[in-house]
Every structure is written in C-alpha cells, then in structure tokens.
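Following: one structure in structure tokens, then a few remarks.
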Amino acid sequence: MNQPSARFWPAQVPQHLELPDTNLFCNISVSALRYPQHTAINYYGSRVTYQSLEQQAEALAGYLASCGVVKGDRVLLYMQNCPQYIISFYAILRANAVVVPVNPMNRSAELAWLIEDTGARVALCASELLDYILPLQQQGQVDQIVLTHYRDYLSQPTDLSLPDELLANPPARLPDNVIAWSDAISAGYTPPPLSTGPTDLAVIPYSSGTTGNPKGCAHTHHSVMATAVYTAVWINARHDLVHLVSVPMFHVTGMQSCMNSTLYAGGTLVVMTRWDRRVAAELIQRCRVNTWRNISTMVIDLLSDPAIDSYDLRSLRNIGGGGAAMPAAIAGKLKEKTGLSYMEGYGLSETMAATHSNPPQACKSQCLGIPVIGVDSRVIDVETLQPLPTGQVGEIIMAGEQVFQGYWNNPVATAQAFIELDGKRFFRSGDLGYIDEDGYFFLVDRVKRMINASGYKVWPAEVESLMYANPAIREVCVISMPHPRRGETVKAVVVAAEGQQPSSEEIIAWCHQQMAAYKCPVEIDFAASLPRSATGKVMWRQLQEDEWSKLKR
C-alpha cells in the first residue's frame, strides 16, 4: 500500500484478505457448530442460541421450498428488527433464493412496485404490516405470506419499556394463503441442498427513490460476504462481541455492520425493534454491550437524556456509524462520558455498507476514514471525470469486492453509475468530498444538496455541524430556500434543546459569530422534531421540497 493512509492502517488488519468462497448461510452454520448454545440473539432479555437460529432457518427454508421457491427466486422480507428478521434472512438464503429487504415504512403502492420489479411471489411479513400487503395478495400479486408477531419471541418476562408493536394482539384469524410463522416452522419440510454460491445473487436492497422509483442494488453472496467479513476484521471482532442493534436491518448498515458481521464472528446481537434511548441505555448496561454501530442522531438523542449519567456505559469499547457526520460538539460529549472516539465510516446500498472507515486507533472527527481492505477509492472532477489532487472537492468513486453488480432490471442506470479508470470499474457515489494529506476522505455533501447563494457554495452538512456547537440547539437541518436576489439562500429548521427557548434572531446572530456570512441561515424555523426515514436519517429533501413548494401557493 503506497497511499498516505498506510501509516494509519490498523495493526491487526491485513491489507488484503481472501474471503470465504461460500454461501452466506454457511456463516451461521460454522458459528452454530462452534458455539451451539451461545446466544446469537438477545431480544429484550429473551434469547435465541446459534443452534436454534440455524435449525429454525433450515425449517423455514424447507417451508419456502414447499411454496415453490426455487434457486434465484426473490422473496420479500417485510418486518422491523426482531429475531424473526434474522431467521428469515438466512432461511431465504438457505432456500437458494434472494432476499429483498423491504422498508417497513413502505405501504401498498410501494410494495406493488417492489413486487412488480422483483417478481417476488412469497413474502415474510410482520403482523402490524399485513394490511398493506394483504390487498396485493388478494389481487393475485403475491401467492403466499408467512406472518409473524414480534412478541412470539419474548420467551421471558421483561420490565423494559416495549414498543407498541410488541404489545398489540396478533390477528384472531388469518386470511387464506397467509400462514402463521409457527406453523411454517413446524411443518417439517426439508430444504433442497445448498446450491448457490459466491457468484449467485443473495440480496437486493433498494436505494432511496429520490427521483422516480427506487432502484434495486443487485448483490452476490461474494459482495455481501465482503463487508460482513471486512467489518468484523476491521474492529478485531471476536466471539465475545455483544452488539446493540438499534438501526434497522433492512438497511445495509444494520444488515451488514450489525447483523451479518456479528454472526460471522459468533457474537451476540442485542436487538431493538424500535429506537428508545432509555431502553438502549438499559440494554447496554444489562447486556454489557461492547459494540454499537448506529447513526449519529441516536447518539445525539442518547446523550441529551437528562438521566444519561445514571446508566453504566463502561462496557462499550467500540462505537461508531455513518449516514451523517457526527457533530464535533456531540463527539466531544461522547468522549467525555465514555472515553471513546466515535468511529465514523462510509458506505451505500450499492456497496453493501462500508467502503471507508476510520482506523480504530486513529479516528478523525467528521471524517469518512480511509478505504478499507481491498478498496480503491478516489476523488474525481464531476465534469471531466479526471482524478483530483489532495484537498480538492470532487465526486467520490470506489472499486472493490463489495460493490454491487448493477441495478436490478435497469441497465441504463447501471451504465450511468460506473466509469472505467486505469482498467478498473469504479462506482460513482454521487457524494462530494476530498482527500486530506493523510489519505483520509471527508464528505462535503451530496452533489444535489449544495446550496448556491449568489455563486457561493454552501454545504448544508458543514453548517449543521457548526450549529450543533450552540447549546440551545438539540437538532438542526439546513436547507435551501428561494431568494429574490441570490436565487437561493440558507435556512435552518431547529429543534431547541430541553429547557431552551432561543429566538430566531439569537441563533442567526450566534451563527454570524461562528461562520462566514454567506453560510449563515437568513431564516430559522422551529420544530418539535425533524422528519426521519426508517433508517433514522433526517429527511432534508422533504423539508426542502416543502419550502420550495411555497412558491406555487
């Protein structure tokens, strides 16, 4: 490695690593063979062992095969975080089929698109979501639904505050062609021999549909294996890994950085169905959680709890995530309370999670980190597509084993997503960033999010990061708004900190003391909360579209 970042490479991490040449299902089989009675899943105090995980996945795979699922078929996985999600994921792979993870916020029209695009005929679904997929099944778009209820896996009583979905009663009677999870598991079917391998499709996560319908990212067992293994190796994950899973597993961060990497290492997943900061703190304390991959907004919420000092978080030894930069003020607060640096990383649905990560021993704040094992990443000029030197902002591109094969059923979008450089096929991320003198990558913003105020380029992520240093601000989202002279200018939507009631004038004046005038918001809106996606990311695009739609009123 001749990159400047070579001197920061983690000592325990190889720069090149041969991946297992197998189906992903083999990962839990190996862990079950090694640690049959070890806890694979801890669900609010109820446990599933590795032996049970493998056995239930085998049984469900047999049922899927009895429904006509054959090699290469796509199967919808439509539920929130729960033990059944993990069992389902591996059951689909064991049936030689392809997982289509579905955002549980999706409703009938969105499901209809996924079904049409993937040709999926079978769905594994949670009971609170049945009403959205049942009409499609009744119209003949889906042949079979396997229905589960989250609380079925609460085998032990708990005093933890549970989300409503676990407290609700399951349907009293199931419609035709809907089978209860327990009946499918106990049906006694044996799956066919495992015949899919590294080059076969394994998972098709769908990227956000910011312009038109979302696009399916076609990943093989090999590309999924890459980030599962590399993530575990990067943090020196061992059998004693206890990982809090608070991000949704339908998204690649939860799926890879949490679920698949932990199960590969033979560790324990402490699973939350919904985010609750006090339940998270209690689980860290009770389960002696030592690893937590998350998104920055969860850390912000956890640390803003007035009761946070009453919890023992000393078991944590590794904390980090991606999705949005960790504000420096929050990272400092985290360091003060836990002694840990927040290890930021970077990845996309198209790369099955991380292509970049901060070295555990040499983290830089608000930084994507360095390219991980086997990744070649560069910054290019958006127009000329030529590589840019250190410090210059351009589009981040990457080549590596975790990069997807292309967009499912969309050759035009696939062709547009890749360029060839030095004989390699690079994926164009659509993200703007730069490389510093040490070889670390920094994200500036999305190509389409930049605000152009009278020719001055404003990066909302930078302004947000600066504004988080204001103690009166709990959360902030910076967007553009129309301006008669500048064309567009800067606006901030602010959630005030507890006990604070700042005025717009006070915040704007504070901003003028902290940053260049052209970056400062000219208008502040206050909100009780910011809109979030199912992955917990702030939906800046929705706020911006709402703002610009005012022109049409």
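Residues in the structure tokens are named by chain (A, B, ... in the order shown) and by number from 1 within that chain; ligands are numbered from 1 in the order shown.
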Could you pull out the strand (DSSP E) residues of stretch 168-341 of chain A from DSSP and send them as JSON, numbers by chain? {"A": [178, 179, 180, 201, 202, 203, 217, 218, 219, 220, 242, 243, 244, 245, 268, 269, 270, 271, 291, 292, 293, 294, 295, 318, 319, 320, 321, 322]}
_At a cut-off of 7 Å, using only C-alpha atoms, what residues contact stretch 115-128 of chain A? Leave out same-chain residues fewer than 2 positions from it and give the result as an NGL selection string._
:A and (73-79 or 111-113 or 130 or 141-149 or 165 or 170)
Can you pull out every residue from stretch 447-521 of chain A that DSSP, working from the backbone, puts in alpha helix (DSSP H), and format the result as a list in words?
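Listing alpha helix (DSSP H) positions across stretch 447-521 of chain A yields Pro460, Ala461, Glu462, Val463, Glu464, Ser465, Leu466, Met467, Ser504, Glu505, Glu506, Ile507, Ile508, Ala509, Trp510, Cys511, His512, Gln513 and Gln514 of chain A.
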Keeping only C-alpha atoms, write the selected residues to a file as a short mmCIF file (atom, residue, chain, number, x, y, z; two decimals), in the first residue's frame.
data_model
loop_
_atom_site.label_atom_id
_atom_site.label_comp_id
_atom_site.auth_asym_id
_atom_site.auth_seq_id
_atom_site.Cartn_x
_atom_site.Cartn_y
_atom_site.Cartn_z
CA PRO A 460 -25.51 22.18 4.50
CA ALA A 461 -23.69 19.40 6.37
CA GLU A 462 -20.90 21.83 7.30
CA VAL A 463 -23.34 24.48 8.54
CA GLU A 464 -25.25 21.87 10.57
CA SER A 465 -22.04 20.67 12.18
CA LEU A 466 -21.12 24.19 13.23
CA MET A 467 -24.60 24.92 14.57
CA SER A 504 -34.51 33.20 15.51
CA GLU A 505 -32.60 36.41 15.99
CA GLU A 506 -30.41 34.91 18.71
CA ILE A 507 -29.47 31.89 16.64
CA ILE A 508 -28.77 33.91 13.49
CA ALA A 509 -26.61 36.33 15.49
CA TRP A 510 -24.71 33.40 17.01
CA CYS A 511 -24.15 31.94 13.54
CA HIS A 512 -22.64 35.22 12.32
CA GLN A 513 -20.07 34.96 15.12
CA GLN A 514 -19.15 31.40 14.14
#
A:Met249 environment, 9 Å, only C-alpha atoms, sequence neighbours closer than 2 positions dropped, as an NGL selection string
:A and (80-81 or 85-86 or 101 or 245-247 or 251-256 or 258-259 or 535)
Using only C-alpha atoms, what does the table of stretch 40-145 of chain A residues within 12 Å of stretch 265-268 of chain A look like, with each row giving the shortest atom pair and its distance in Å to one decimal, sorted by chain and ascending number, as a Markdown table?
| residue | atom | partner | partner_atom | distance |
| --- | --- | --- | --- | --- |
| A:Ala40 | CA | A:Thr268 | CA | 4.6 |
| A:Ile41 | CA | A:Thr268 | CA | 5.7 |
| A:Asn42 | CA | A:Thr268 | CA | 7.0 |
| A:Tyr43 | CA | A:Thr268 | CA | 10.4 |
| A:Arg47 | CA | A:Thr268 | CA | 9.7 |
| A:Val48 | CA | A:Thr268 | CA | 9.6 |
| A:Thr49 | CA | A:Thr268 | CA | 9.2 |
| A:Tyr50 | CA | A:Gly266 | CA | 8.3 |
| A:Gln51 | CA | A:Gly266 | CA | 11.5 |
| A:Leu53 | CA | A:Thr268 | CA | 11.9 |
| A:Pro83 | CA | A:Thr268 | CA | 11.8 |
* Mind checking which residues fall within 9 Å of A:Ile396, counting only C-alpha atoms, ignoring those fewer than 4 positions away in the same chain, and posting them as a PyMOL selection string? => chain A and resi 377-380+427-434+441+443
Spatial neighbours of A:Glu545, 10 Å, only C-alpha atoms, chain gap at least 4 places, as a list of chain:residue names: A:Ile479, A:Ser480, A:Met481, A:Trp540, A:Arg541, A:Ser549, A:Lys550
How would the residues just picked look written out with C-alpha atoms as a CSV table (one decimal), in the first residue's frame?
chain,number,residue,atom,x,y,z
A,479,ILE,CA,-32.0,23.5,3.6
A,480,SER,CA,-32.2,26.0,0.8
A,481,MET,CA,-34.9,28.5,0.3
A,540,TRP,CA,-33.8,17.0,4.5
A,541,ARG,CA,-35.2,16.6,1.0
A,549,SER,CA,-43.4,24.4,-2.9
A,550,LYS,CA,-44.5,27.6,-1.1
Identify, on the basis of only C-alpha atoms, every residue whose closest approach to A:Gly321 does not exceed 8 Å; exclude the query and any residue fewer than 4 positions from it along the same chain; express the result as a compact mmCIF listing (two decimals) with N, CA and C atoms, in the first residue's frame.
# COMPACT_ATOMS: atom_id res chain seq x y z
N ARG A 293 -22.95 -0.02 16.50
CA ARG A 293 -22.98 0.68 15.22
C ARG A 293 -24.33 1.38 15.13
N ASN A 294 -24.32 2.65 14.79
CA ASN A 294 -25.55 3.43 14.86
C ASN A 294 -25.52 4.55 13.83
N ILE A 295 -26.41 5.47 13.98
CA ILE A 295 -26.35 6.72 13.23
C ILE A 295 -26.22 7.85 14.25
N SER A 296 -25.64 8.94 13.83
CA SER A 296 -25.29 10.00 14.78
C SER A 296 -26.49 10.54 15.54
N TYR A 342 -15.75 8.44 18.46
CA TYR A 342 -16.78 7.94 17.56
C TYR A 342 -16.12 7.60 16.23
N MET A 343 -16.18 6.32 15.84
CA MET A 343 -15.50 5.84 14.63
C MET A 343 -16.47 5.92 13.45
N GLU A 344 -16.30 6.95 12.66
CA GLU A 344 -17.19 7.15 11.51
C GLU A 344 -16.74 6.31 10.32
N GLY A 345 -17.71 5.94 9.52
CA GLY A 345 -17.43 5.20 8.30
C GLY A 345 -18.35 5.66 7.19
message = Counting only C-alpha atoms, which residue out of A:Thr384, A:Gln285, A:Ser257, A:Gln405 sits closest to A:Ala354?
response =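 Closest candidate: A:Ser257.
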**Report entry** Residue contacts of A:Asp438 (12 Å, only C-alpha atoms) excluding same-chain residues fewer than 5 positions away, as number ranges by chain
**Finding:** A: 2-9, 358, 362-364, 367, 369-370, 390-391
Under the rule of at most 12 Å, produce a per-residue listing of stretch 500-532 of chain A near stretch 297-317 of chain A: chain, number, name, the closest pair of atoms, and the distance in Å, as a tab-separated table, using only C-alpha atoms.
residue	atom	partner	partner_atom	distance
A:Ser529	CA	A:Asp301	CA	11.5
A:Leu530	CA	A:Thr297	CA	10.6
A:Pro531	CA	A:Thr297	CA	11.9
A:Arg532	CA	A:Thr297	CA	9.9
Preceding selection exported with N, CA and C atoms as an mmCIF file, in the first residue's frame:
data_model
loop_
_atom_site.group_PDB
_atom_site.id
_atom_site.type_symbol
_atom_site.label_atom_id
_atom_site.label_comp_id
_atom_site.auth_asym_id
_atom_site.auth_seq_id
_atom_site.Cartn_x
_atom_site.Cartn_y
_atom_site.Cartn_z
ATOM 1 N N SER A 529 -39.800 18.295 16.182
ATOM 2 C CA SER A 529 -38.921 17.197 15.774
ATOM 3 C C SER A 529 -38.647 17.336 14.291
ATOM 4 N N LEU A 530 -37.649 16.625 13.815
ATOM 5 C CA LEU A 530 -37.317 16.611 12.391
ATOM 6 C C LEU A 530 -37.840 15.320 11.771
ATOM 7 N N PRO A 531 -38.339 15.394 10.547
ATOM 8 C CA PRO A 531 -38.825 14.161 9.899
ATOM 9 C C PRO A 531 -37.672 13.210 9.638
ATOM 10 N N ARG A 532 -37.920 11.921 9.884
ATOM 11 C CA ARG A 532 -36.864 10.925 9.713
ATOM 12 C C ARG A 532 -37.350 9.774 8.857
#
Using only C-alpha atoms, the residue out of A:Pro205, A:Pro387, A:Ser161, A:Ala329 with shortest distance to A:Asp276 is A:Ser161
Out of A:Leu93, A:Ile284, A:Met398, A:Ala232, which residue has the shortest atom-to-atom distance to A:Val13 when counting only C-alpha atoms?
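For A:Val13, the nearest of the given residues is A:Ala232.
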